[in-house]
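Student: Okay, here's the structure, questions in a sec.
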Amino acid sequence: MTTAPWRDPALPATARVDDLLSRMTLEEKTAQLYGVWVGAATDGDGVAPLQREMTAGSSTYEWEELITLGLGQLTRSFGTAPVDPALGARALARAQRRITAAGRFGIPAIAHEECLAGFTAWQATAYPVPLAWGAAFDPPLVEELGRRIGEDLRSVGVHQGLAPVLDVVRDPRWGRVEETIGEDPYLVGTVGTAYVRGLESAGIIATLKHFAGYASSVGARNLAPVRAGVREFADVTLPPFEMALREGGARSVMAAYNETDGVPASADPRLLTELLRDAWDFDGTVVADYFGIGFLQTLHRVAGTEAEAAHLALAAGIDVELPTLKCYGRPLVAAVREGKVPESLVDRAARRVLLQKCELGLLDEDWDPAPEGPIDLDSTANRALARRLAEESVVLLDNPDGLLPLAPDTRVAVVGPRAADALAMLGCYSFPSHVLTHHPEADLGISIPTVLDSLRAELPDAKVTFAEGCDVTDPDPSGFAEAVARASEADVCVAVLGDRAGLFGRGTSGEGCDVTDLGLPGVQADLLDALLSTGVPVVLVLLTGRPYALGRWHGRLGAVVQAFFPGEEGGPAVAGVLAGRVNPSGRLPVSVPREPGGQPWTYLQPPLGLAGEVSNLDPTPLYAFGHGRSYTAFAWTLGSPATAEIPTDGSHDVTLTVRNTGERAGTEVVQLYLHDPVASVTRPDVRLIGYQRVDLAPGASRRVTFHFHTDLSAFTDREGARVVEPGALELRVGASSADTQATVTLQLTGPVRRLGPDRVLRCETAVE
């Protein structure tokens with residue numbers, strides 16, 4: 001029997017796919033352009049926006065009939081309901097065998113899952129959320145995280161992960177802040193790229209989302225319009241995506257829900273084709289966010305029919321409709337038959353999908369869907385990694401009088417609605433928060449120690465009492481009295497407050513859980529006031545998905561500890577910081593405001609965005625981006641000249657020595673900021689362009705060198721070009737965006753230089 005060219009692994013992928021496409025009918029080609037979501041809820045509360053409305057009518061497509069044409073993707077076989085991982089892997093393999101047996105060509109589907117903070121599956125490790133990754137300032141550790149998650153996905157037959165989120169926070173009231181890495185594009189880009197490298201190294205297709213502008217929505221409302229200017233879009237929104245594609249090798253991009261200046265991202269060829277493919281040379285697949293193509297008709301109203309929505313999305317550059325077929329099914333086929341949609345658009349998208357399947361080995365005759373080896377999605381190694389990342393991400397905001405670490409034999413009153421709740425550790429895309437709320441009959445599937453249990457384990461000789469005090473959102477203050485009584489009996493009170501992750505208003509943080517201001521949810525602020533009134537020192541511990549305003553209590557708290565949904569090992573991590581086993585090294589990836597109003601605001605402000613005499617409102621944060629304290633102290637010494645002259649295409653090394661002057665080991669996070677005194681357009685007063693974690697034993701010192709290239713000073717000028725301008729620059733080395741330890745002044749000489757796609761994106765560092 002002669003093997004068809006498309007089955008021959010010795011041929012180039014392009015030749016194989018060209019041969020296969022030539023043999024396929026229109027219906028078979030379009031079948032490669034959609035996913036099917038088996039078991040998705042069509043009533044009640046869903047896990048995707050407007051899920052009930054958008055899945056109505058999907059039952060008209062019968063599974064057995066569909067798979068005779070082939071199938072592009074299988075949606076969330078593990079992320080829809082609790083299923084034993086080993087049984088789920090076998091069920092996925094059976095589904096793949098049925099798909100390959102039913103179609104003429106026997107092509108498997110690409111199986112995709114969510115993996116925002118771990119594989120969103122029952123019994124899988126729930127890692128810290130991406131905002132905690134940003135707080136760790138540790139890309140190598142995040143790369144290891146991505147690799148380990150990728151290996152777990154592969155072990156059960158999954159090919160594509162819908163992560164990372166590369167949206168840059170523009171308004172902390174937005175519900176999905178917890179899913180982001182922070183408010184700075186360089187931090188988001190470097191940490192996000194590390195995660196991509198990890199996933200891709202395990203053979204998993206990383207999917208960058210949400211492309212682009214999603215986090216800049218008006219009023220911080222989910223899916224609201226975006227009115228960002230061209231420079232904000234070019235210099236803040238886009239750089240993390242470009243870095244993750246160029247340096248991380250991501251093979252897929254998810255189009256965002258939002259519209260920018262009236263044009264939905266899912267219908268924008270300038271974004272999805274001219275920029276992404278023509279300018280950045282991306283050759284992977286673009287997938288729709290769930291129901292995003294249908295939303296062109298129902299929410300954006302730029303299409304009158306499902307077929308028109310399909311045409312707009314295909315023409316813009318979306319190759320795959322997720323999560324299930326709606327517009328790319330029969331409506332698209334009929335429109336092509338009627339001459340309303342060029343078949344060449346179908347061919348273009350199908351070719352990209354099939355090339356990716358070829359890369360994955362799904363076109364090879366010997367492909368076997370059977371899982372290999374034992375399946376353990378919450379291994380000891382996973383939990384150790386989750387613990388390390390959680391410990392590195394905890395931020396000590398304040399400890400003015402050295403109240404922390406707690407004495408081992410002290411009397412501690414632990415108070416607050418987050419202290420004894422395992423779900424307080426998890427973000428909205430963890431399986432327990434995302435799915436199990438719809439399956440109350442199922443257990444969590446993983447062990448999640450609480451802060452209360454963990455603190456008792458850390459301080460076995462301490463007397464630890466507990467009172468909840470109040471709920472996260474319920475306004476009932478009836479528990480205050482017991483909480484005050486417990487605090488009054490103690491030497492120190494640990495108030496554990498914060499968020500409850502959820503979806504679409506079912507939580508205080510998460511997708512669709514946007515807020516009007518940055519005051520603590522419910523009556524938690526009043527509970528804190530009541531605890532402070534006892535006169536007992538209070539340590540505030542925040543377990544949240546966003547920053548909250550803390551100016552109301554500034555100067556009154558004994559210490560403040562911030563953890564951003566630190567995952568299943570977050571309880572021991574936080575308790576370790578409180579007890580002193582862990583020396584905190586986390587730094588803020590977002591500013592902490594003084595007042596709950598005055599949003600939106602991030603630290604990337606030009607002069608008139610800062611405090612000044614022209615307004616009575618002072619937006620200066622209480623704790624700046626990059627801030628974080630330690631149980632030890634550090635001294636910094638600049639080792640390179642304080643001034644230098646270089647050309648506009650030059651480079652300069654900034655060297656400094658950091659010494660641990662304290663009595664215990666600690667980690668300093670050295671940060672490099674750029675200040676541009678005069679430019680042709682207004683620029684942020686400072687912006688991050690480099691950073692490095694430095695581990696130091698007591699009395700030890702290390703030399704850190706930043707290799708600065710002038711490309712890192714580039715910005716978008718009035719003509720829309722990315723340029724480096726001559727003139728003065730300041731490189732500020734500091735412990736935060738507001739704590740400068742040393743400054744190097746550079747004079748750039750020569751002409752204005754326009755940059756191309758090969759520009760330098762990161763500041764390399766060396767530690768000796």
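Following the order of the structure tokens, chains are lettered A, B, ..., residues in each are numbered from 1, and ligands are numbered from 1.
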DSSP on the backbone, then: every residue of range 488-727 of chain A marked helix (DSSP H, G or I), written as a PyMOL selection string.

Tutor: chain A and resi 488+524-532+551-553+570-579+607-609+710-713

Student: Could I get the residues of range 76-163 of chain A with an atom no further than 10 Å from an atom of range 571-585 of chain A, each paired with its nearest atom pair and that distance in Å to one decimal, using only C-alpha atoms, sorted by chain and residue number, as a Markdown table?

Tutor:
```
| residue | atom | partner | partner_atom | distance |
| --- | --- | --- | --- | --- |
| A:Ala135 | CA | A:Ser585 | CA | 8.7 |
| A:Ala136 | CA | A:Ser585 | CA | 7.3 |
| A:Phe137 | CA | A:Ser585 | CA | 9.1 |
```

Student: Name all residues at most 9 Å from Ala700 in chain A (count only C-alpha atoms; drop same-chain ones fewer than 4 positions away) and give them as a PyMOL selection string.

Tutor: chain A and resi 658-661+665+696

Student: Tell me which of A:Tyr548, A:His554, A:Trp37, A:Thr745 sits closest to Val592 in chain A, counting only C-alpha atoms.

Tutor: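 Checking each candidate against Val592 in chain A, we get A:Tyr548 as the closest.
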
Student: May I have the residues within 7 Å of Phe431 in chain A as a list in words, using only C-alpha atoms and disregarding those fewer than 2 positions away in the same chain?

Tutor: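 Returned residues: Thr120, Ala121, Trp122, Tyr429, Ser433, His434, Val435 and Leu436 of chain A.
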
Student: With a distance cut-off of 12 Å and only C-alpha atoms, select the neighbouring residues of range 508-512 of chain A, excluding the residue or stretch itself and same-chain residues fewer than 4 positions from it, and output the selection as an MDAnalysis selection string.

Tutor: chainID A and resid 46:50 129 172:180 214:215 220:224 424 426:430 433:434 471:474 498:504 516:522 543:548 564:565

Student: Report the distance between CA of Gly329 in chain A and CA of Leu33 in chain A in Å, rounded to one decimal place.

Tutor: 8.4 Å

Student: Skip range 662-664 of chain A itself and residues of its chain fewer than 4 positions away, then list as a PyMOL selection string all residues within 7 Å of it, counting only C-alpha atoms.

Tutor: chain A and resi 632-633+697-699

Student: Selection from above, C-alpha atoms, as a CSV table (one decimal), in the first residue's frame, can you write it?

Tutor:
```csv
chain,number,residue,atom,x,y,z
A,632,THR,CA,17.8,41.7,57.2
A,633,ALA,CA,19.4,44.9,55.7
A,697,ALA,CA,24.5,35.1,53.4
A,698,PRO,CA,25.1,37.4,56.4
A,699,GLY,CA,28.0,39.7,55.7
```

Student: List as a VMD selection string the protein and nucleic acid residues near Lys357 in chain A, meaning an atom at most 10 Å away when only C-alpha atoms are counted, but skip any in the same chain fewer than 3 places from it.

Tutor: chain A and resid 13 17 72 107 to 110 159 351 to 354 360 to 364

Student: For CA of Leu187 in chain A and CA of Gly134 in chain A, determine how far apart the two atoms are, in Å to one decimal place.

Tutor: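 One can read the CA of Leu187 in chain A to CA of Gly134 in chain A distance as 6.8 Å.
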
Student: Could you tell me which of A:Phe119, A:Phe466, A:Phe241, A:Tyr34 comes closest to Pro432 in chain A if we count only C-alpha atoms?

Tutor: A:Phe119

Student: Rank nothing, just name the residue among A:Gly416, A:Gly118, A:Pro606, A:Gly586 nearest to Val670 in chain A, using only C-alpha atoms.

Tutor: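 Answer, going by the shortest atom-to-atom distance: A:Gly586.
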
Student: For Gly317 in chain A, which of A:Thr14, A:Thr298, A:Ser591, A:Thr285 is the closest residue, counting only C-alpha atoms?

Tutor: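 Closest candidate: A:Thr285.
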
Student: Have a look at A:Asp289, A:Asp268, A:Glu338, A:Asp398 and name the one nearest to Val541 in chain A; count only C-alpha atoms.

Tutor: A:Asp398

Student: What's the separation between CA of Ser252 in chain A and CA of Ala721 in chain A, in Å to one decimal place?

Tutor: 26.4 Å

Student: Which residue is closest to Leu389 in chain A? Choose from A:Phe715, A:Phe708, A:Leu688, A:Gly567 and count only C-alpha atoms.

Tutor: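 The answer is A:Gly567, which sits nearest to Leu389 in chain A.
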
Student: Out of range 616-656 of chain A, which residues get strand (DSSP E or B) from DSSP, as a PDB file with all heavy atoms, in the first residue's frame?

Tutor:
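Result written to part_20.pdb:
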```pdb
ATOM      1  N   TYR A 623       2.555  52.228  49.050  1.00  0.00           N
ATOM      2  CA  TYR A 623       3.718  51.373  48.809  1.00  0.00           C
ATOM      3  C   TYR A 623       3.932  51.299  47.302  1.00  0.00           C
ATOM      4  O   TYR A 623       3.034  50.910  46.550  1.00  0.00           O
ATOM      5  CB  TYR A 623       3.500  49.977  49.389  1.00  0.00           C
ATOM      6  CG  TYR A 623       3.252  49.971  50.884  1.00  0.00           C
ATOM      7  CD1 TYR A 623       1.989  49.659  51.390  1.00  0.00           C
ATOM      8  CD2 TYR A 623       4.271  50.279  51.774  1.00  0.00           C
ATOM      9  CE1 TYR A 623       1.750  49.653  52.763  1.00  0.00           C
ATOM     10  CE2 TYR A 623       4.041  50.278  53.144  1.00  0.00           C
ATOM     11  CZ  TYR A 623       2.782  49.967  53.636  1.00  0.00           C
ATOM     12  OH  TYR A 623       2.546  49.973  54.993  1.00  0.00           O
ATOM     13  N   ARG A 629      10.038  44.557  51.999  1.00  0.00           N
ATOM     14  CA  ARG A 629      11.026  44.605  53.072  1.00  0.00           C
ATOM     15  C   ARG A 629      11.548  43.198  53.394  1.00  0.00           C
ATOM     16  O   ARG A 629      11.029  42.196  52.914  1.00  0.00           O
ATOM     17  CB  ARG A 629      10.431  45.246  54.321  1.00  0.00           C
ATOM     18  CG  ARG A 629       9.951  46.689  54.077  1.00  0.00           C
ATOM     19  CD  ARG A 629       9.739  47.445  55.366  1.00  0.00           C
ATOM     20  NE  ARG A 629       9.214  48.780  55.132  1.00  0.00           N
ATOM     21  CZ  ARG A 629       9.940  49.821  54.773  1.00  0.00           C
ATOM     22  NH1 ARG A 629      11.253  49.681  54.594  1.00  0.00           N
ATOM     23  NH2 ARG A 629       9.382  51.008  54.585  1.00  0.00           N
ATOM     24  N   PHE A 634      20.508  45.648  53.704  1.00  0.00           N
ATOM     25  CA  PHE A 634      21.464  45.599  52.604  1.00  0.00           C
ATOM     26  C   PHE A 634      22.081  46.975  52.388  1.00  0.00           C
ATOM     27  O   PHE A 634      21.432  48.008  52.577  1.00  0.00           O
ATOM     28  CB  PHE A 634      20.779  45.149  51.307  1.00  0.00           C
ATOM     29  CG  PHE A 634      20.075  43.827  51.422  1.00  0.00           C
ATOM     30  CD1 PHE A 634      18.705  43.764  51.705  1.00  0.00           C
ATOM     31  CD2 PHE A 634      20.770  42.641  51.276  1.00  0.00           C
ATOM     32  CE1 PHE A 634      18.056  42.551  51.820  1.00  0.00           C
ATOM     33  CE2 PHE A 634      20.131  41.416  51.395  1.00  0.00           C
ATOM     34  CZ  PHE A 634      18.774  41.372  51.664  1.00  0.00           C
ATOM     35  N   ALA A 635      23.323  46.972  51.980  1.00  0.00           N
ATOM     36  CA  ALA A 635      24.021  48.200  51.605  1.00  0.00           C
ATOM     37  C   ALA A 635      24.435  48.104  50.144  1.00  0.00           C
ATOM     38  O   ALA A 635      24.851  47.037  49.678  1.00  0.00           O
ATOM     39  CB  ALA A 635      25.250  48.416  52.489  1.00  0.00           C
ATOM     40  N   TRP A 636      24.325  49.212  49.421  1.00  0.00           N
ATOM     41  CA  TRP A 636      24.599  49.253  47.990  1.00  0.00           C
ATOM     42  C   TRP A 636      25.767  50.211  47.719  1.00  0.00           C
ATOM     43  O   TRP A 636      25.836  51.304  48.291  1.00  0.00           O
ATOM     44  CB  TRP A 636      23.397  49.774  47.217  1.00  0.00           C
ATOM     45  CG  TRP A 636      22.098  49.043  47.410  1.00  0.00           C
ATOM     46  CD1 TRP A 636      21.557  48.590  48.580  1.00  0.00           C
ATOM     47  CD2 TRP A 636      21.159  48.713  46.392  1.00  0.00           C
ATOM     48  NE1 TRP A 636      20.338  47.994  48.362  1.00  0.00           N
ATOM     49  CE2 TRP A 636      20.067  48.052  47.012  1.00  0.00           C
ATOM     50  CE3 TRP A 636      21.122  48.908  45.018  1.00  0.00           C
ATOM     51  CZ2 TRP A 636      18.970  47.599  46.302  1.00  0.00           C
ATOM     52  CZ3 TRP A 636      20.025  48.451  44.308  1.00  0.00           C
ATOM     53  CH2 TRP A 636      18.962  47.796  44.947  1.00  0.00           C
ATOM     54  N   THR A 637      26.656  49.797  46.808  1.00  0.00           N
ATOM     55  CA  THR A 637      27.768  50.650  46.406  1.00  0.00           C
ATOM     56  C   THR A 637      27.898  50.620  44.897  1.00  0.00           C
ATOM     57  O   THR A 637      28.068  49.538  44.301  1.00  0.00           O
ATOM     58  CB  THR A 637      29.095  50.184  47.027  1.00  0.00           C
ATOM     59  OG1 THR A 637      28.956  50.118  48.444  1.00  0.00           O
ATOM     60  CG2 THR A 637      30.221  51.156  46.671  1.00  0.00           C
ATOM     61  N   LEU A 638      27.812  51.791  44.262  1.00  0.00           N
ATOM     62  CA  LEU A 638      27.960  51.869  42.816  1.00  0.00           C
ATOM     63  C   LEU A 638      29.418  51.634  42.445  1.00  0.00           C
ATOM     64  O   LEU A 638      30.327  52.247  43.010  1.00  0.00           O
ATOM     65  CB  LEU A 638      27.490  53.234  42.307  1.00  0.00           C
ATOM     66  CG  LEU A 638      27.489  53.439  40.784  1.00  0.00           C
ATOM     67  CD1 LEU A 638      26.481  52.510  40.121  1.00  0.00           C
ATOM     68  CD2 LEU A 638      27.168  54.901  40.449  1.00  0.00           C
ATOM     69  N   THR A 643      28.778  58.939  35.348  1.00  0.00           N
ATOM     70  CA  THR A 643      28.412  59.581  34.085  1.00  0.00           C
ATOM     71  C   THR A 643      29.129  58.880  32.948  1.00  0.00           C
ATOM     72  O   THR A 643      30.212  58.303  33.129  1.00  0.00           O
ATOM     73  CB  THR A 643      28.799  61.077  34.075  1.00  0.00           C
ATOM     74  OG1 THR A 643      30.213  61.188  34.227  1.00  0.00           O
ATOM     75  CG2 THR A 643      28.091  61.835  35.181  1.00  0.00           C
ATOM     76  N   ALA A 644      28.520  58.929  31.762  1.00  0.00           N
ATOM     77  CA  ALA A 644      29.141  58.342  30.573  1.00  0.00           C
ATOM     78  C   ALA A 644      28.475  58.924  29.342  1.00  0.00           C
ATOM     79  O   ALA A 644      27.334  59.411  29.395  1.00  0.00           O
ATOM     80  CB  ALA A 644      29.010  56.820  30.583  1.00  0.00           C
ATOM     81  N   GLU A 645      29.182  58.867  28.229  1.00  0.00           N
ATOM     82  CA  GLU A 645      28.653  59.304  26.936  1.00  0.00           C
ATOM     83  C   GLU A 645      28.714  58.120  25.981  1.00  0.00           C
ATOM     84  O   GLU A 645      29.754  57.482  25.828  1.00  0.00           O
ATOM     85  CB  GLU A 645      29.479  60.468  26.391  1.00  0.00           C
ATOM     86  CG  GLU A 645      28.949  61.044  25.084  1.00  0.00           C
ATOM     87  CD  GLU A 645      29.742  62.254  24.621  1.00  0.00           C
ATOM     88  OE1 GLU A 645      29.653  63.298  25.309  1.00  0.00           O
ATOM     89  OE2 GLU A 645      30.440  62.145  23.593  1.00  0.00           O
ATOM     90  N   ILE A 646      27.571  57.814  25.349  1.00  0.00           N
ATOM     91  CA  ILE A 646      27.508  56.690  24.414  1.00  0.00           C
ATOM     92  C   ILE A 646      26.661  57.094  23.217  1.00  0.00           C
ATOM     93  O   ILE A 646      25.816  57.995  23.310  1.00  0.00           O
ATOM     94  CB  ILE A 646      26.898  55.429  25.067  1.00  0.00           C
ATOM     95  CG1 ILE A 646      25.470  55.691  25.559  1.00  0.00           C
ATOM     96  CG2 ILE A 646      27.784  54.918  26.199  1.00  0.00           C
ATOM     97  CD1 ILE A 646      24.761  54.448  26.081  1.00  0.00           C
ATOM     98  N   PRO A 647      26.839  56.450  22.053  1.00  0.00           N
ATOM     99  CA  PRO A 647      26.013  56.770  20.889  1.00  0.00           C
ATOM    100  C   PRO A 647      24.608  56.206  21.037  1.00  0.00           C
ATOM    101  O   PRO A 647      24.350  55.354  21.895  1.00  0.00           O
ATOM    102  CB  PRO A 647      26.763  56.090  19.746  1.00  0.00           C
ATOM    103  CG  PRO A 647      27.517  54.976  20.381  1.00  0.00           C
ATOM    104  CD  PRO A 647      27.908  55.478  21.750  1.00  0.00           C
ATOM    105  N   SER A 651      25.906  50.888  24.142  1.00  0.00           N
ATOM    106  CA  SER A 651      25.550  50.172  25.364  1.00  0.00           C
ATOM    107  C   SER A 651      26.444  50.647  26.498  1.00  0.00           C
ATOM    108  O   SER A 651      27.480  51.279  26.280  1.00  0.00           O
ATOM    109  CB  SER A 651      25.692  48.660  25.172  1.00  0.00           C
ATOM    110  OG  SER A 651      27.029  48.323  24.834  1.00  0.00           O
ATOM    111  N   HIS A 652      26.035  50.320  27.719  1.00  0.00           N
ATOM    112  CA  HIS A 652      26.800  50.744  28.888  1.00  0.00           C
ATOM    113  C   HIS A 652      26.503  49.786  30.032  1.00  0.00           C
ATOM    114  O   HIS A 652      25.351  49.412  30.265  1.00  0.00           O
ATOM    115  CB  HIS A 652      26.425  52.169  29.301  1.00  0.00           C
ATOM    116  CG  HIS A 652      27.208  52.681  30.460  1.00  0.00           C
ATOM    117  ND1 HIS A 652      28.512  53.117  30.353  1.00  0.00           N
ATOM    118  CD2 HIS A 652      26.872  52.822  31.784  1.00  0.00           C
ATOM    119  CE1 HIS A 652      28.944  53.513  31.534  1.00  0.00           C
ATOM    120  NE2 HIS A 652      27.969  53.349  32.421  1.00  0.00           N
ATOM    121  N   ASP A 653      27.535  49.378  30.756  1.00  0.00           N
ATOM    122  CA  ASP A 653      27.371  48.499  31.908  1.00  0.00           C
ATOM    123  C   ASP A 653      27.242  49.313  33.185  1.00  0.00           C
ATOM    124  O   ASP A 653      28.037  50.224  33.442  1.00  0.00           O
ATOM    125  CB  ASP A 653      28.569  47.557  32.044  1.00  0.00           C
ATOM    126  CG  ASP A 653      28.563  46.457  31.002  1.00  0.00           C
ATOM    127  OD1 ASP A 653      27.575  46.363  30.238  1.00  0.00           O
ATOM    128  OD2 ASP A 653      29.547  45.692  30.945  1.00  0.00           O
ATOM    129  N   VAL A 654      26.234  48.968  33.965  1.00  0.00           N
ATOM    130  CA  VAL A 654      26.049  49.557  35.290  1.00  0.00           C
ATOM    131  C   VAL A 654      26.365  48.477  36.307  1.00  0.00           C
ATOM    132  O   VAL A 654      25.708  47.428  36.344  1.00  0.00           O
ATOM    133  CB  VAL A 654      24.617  50.083  35.482  1.00  0.00           C
ATOM    134  CG1 VAL A 654      24.434  50.623  36.897  1.00  0.00           C
ATOM    135  CG2 VAL A 654      24.290  51.146  34.448  1.00  0.00           C
ATOM    136  N   THR A 655      27.359  48.730  37.124  1.00  0.00           N
ATOM    137  CA  THR A 655      27.819  47.735  38.094  1.00  0.00           C
ATOM    138  C   THR A 655      27.679  48.279  39.511  1.00  0.00           C
ATOM    139  O   THR A 655      27.984  49.447  39.768  1.00  0.00           O
ATOM    140  CB  THR A 655      29.281  47.358  37.828  1.00  0.00           C
ATOM    141  OG1 THR A 655      29.393  46.830  36.506  1.00  0.00           O
ATOM    142  CG2 THR A 655      29.767  46.314  38.819  1.00  0.00           C
ATOM    143  N   LEU A 656      27.209  47.428  40.407  1.00  0.00           N
ATOM    144  CA  LEU A 656      27.115  47.814  41.803  1.00  0.00           C
ATOM    145  C   LEU A 656      27.348  46.594  42.669  1.00  0.00           C
ATOM    146  O   LEU A 656      27.211  45.443  42.209  1.00  0.00           O
ATOM    147  CB  LEU A 656      25.763  48.433  42.125  1.00  0.00           C
ATOM    148  CG  LEU A 656      24.547  47.508  42.079  1.00  0.00           C
ATOM    149  CD1 LEU A 656      23.493  47.984  43.061  1.00  0.00           C
ATOM    150  CD2 LEU A 656      23.963  47.474  40.677  1.00  0.00           C
TER     151      LEU A 656
END
```

Student: Within 10 Å of range 258-262 of chain A, which residues of range 150-213 of chain A come that close, and what is the closest atom pair and distance in Å for each? Count only C-alpha atoms and give it as a tab-separated table.

Tutor:
```
residue	atom	partner	partner_atom	distance
A:His210	CA	A:Asn258	CA	9.1
A:Phe211	CA	A:Asn258	CA	9.1
A:Ala212	CA	A:Asn258	CA	7.9
A:Gly213	CA	A:Asn258	CA	7.1
```
